[in-house]
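The structure appears right after this line, and notes come after that.
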Amino acid sequence: MMSSILLAAQATVPNSGTTWNLTEAAIITGACILCLLIIPRTIRYPHVGPKMPLPFPSLFNNPSAATFLAAMSAGHLIGTGTVLGLTNLGII
């Protein structure tokens, strides 16, 4: 049997958007690309270490592997926050 505390908390939990669709994937992808365009220009040493074989190195400032991972991590954080915020507002 379920605890009565869990049943009471269930009614107060908002819909967290458990279904995954292409809109959310496009938002996170866009946030990652935006971060990949901005972050290599703001990091102090973006070219230290092995380079990432990106298709347009001058567009992305020819980042190293560490800079690429930092940009993708920041993009996922921003994209996830955006998706959760838009979901709570009822936009997506």
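Labels used: A, B, ... for chains in the order of the structure tokens, numbers from 1 for residues in each chain, and numbers from 1 for ligands as shown.
Close contacts of stretch 77-91 of chain A, defined as residues with an atom at most 7 Å away when counting only C-alpha atoms, with chain neighbours fewer than 5 positions off set aside, comprise Gly17, Glu24, Ile27, Ile28 and Ala31 of chain A.
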Spatial neighbours of stretch 59-65 of chain A, max dist 6 Å, only C-alpha atoms, sep filter under 2 positions, as a list of chain:residue names
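That gives A:Leu37, A:Pro46, A:His47, A:Gly49, A:Pro50, A:Lys51, A:Met52, A:Phe56, A:Pro57, A:Thr67, A:Phe68.
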All helix (DSSP H, G or I) residues (DSSP, backbone) inside chain A, as JSON, numbers by chain
{"A": [4, 5, 6, 7, 8, 9, 10, 22, 23, 24, 25, 26, 27, 28, 29, 30, 31, 32, 33, 34, 35, 36, 37, 38, 39, 40, 41, 42, 65, 66, 67, 68, 69, 70, 71, 72, 73, 74, 75, 76, 77, 78, 79, 80, 81, 82, 83, 84, 85, 86, 87, 88, 89]}
Nearest to A:Met72 by atom-to-atom distance, counting only C-alpha atoms, from A:Ile92, A:Gly30, A:Ala25, A:Thr19:
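For A:Met72, the nearest of the candidates is A:Gly30.
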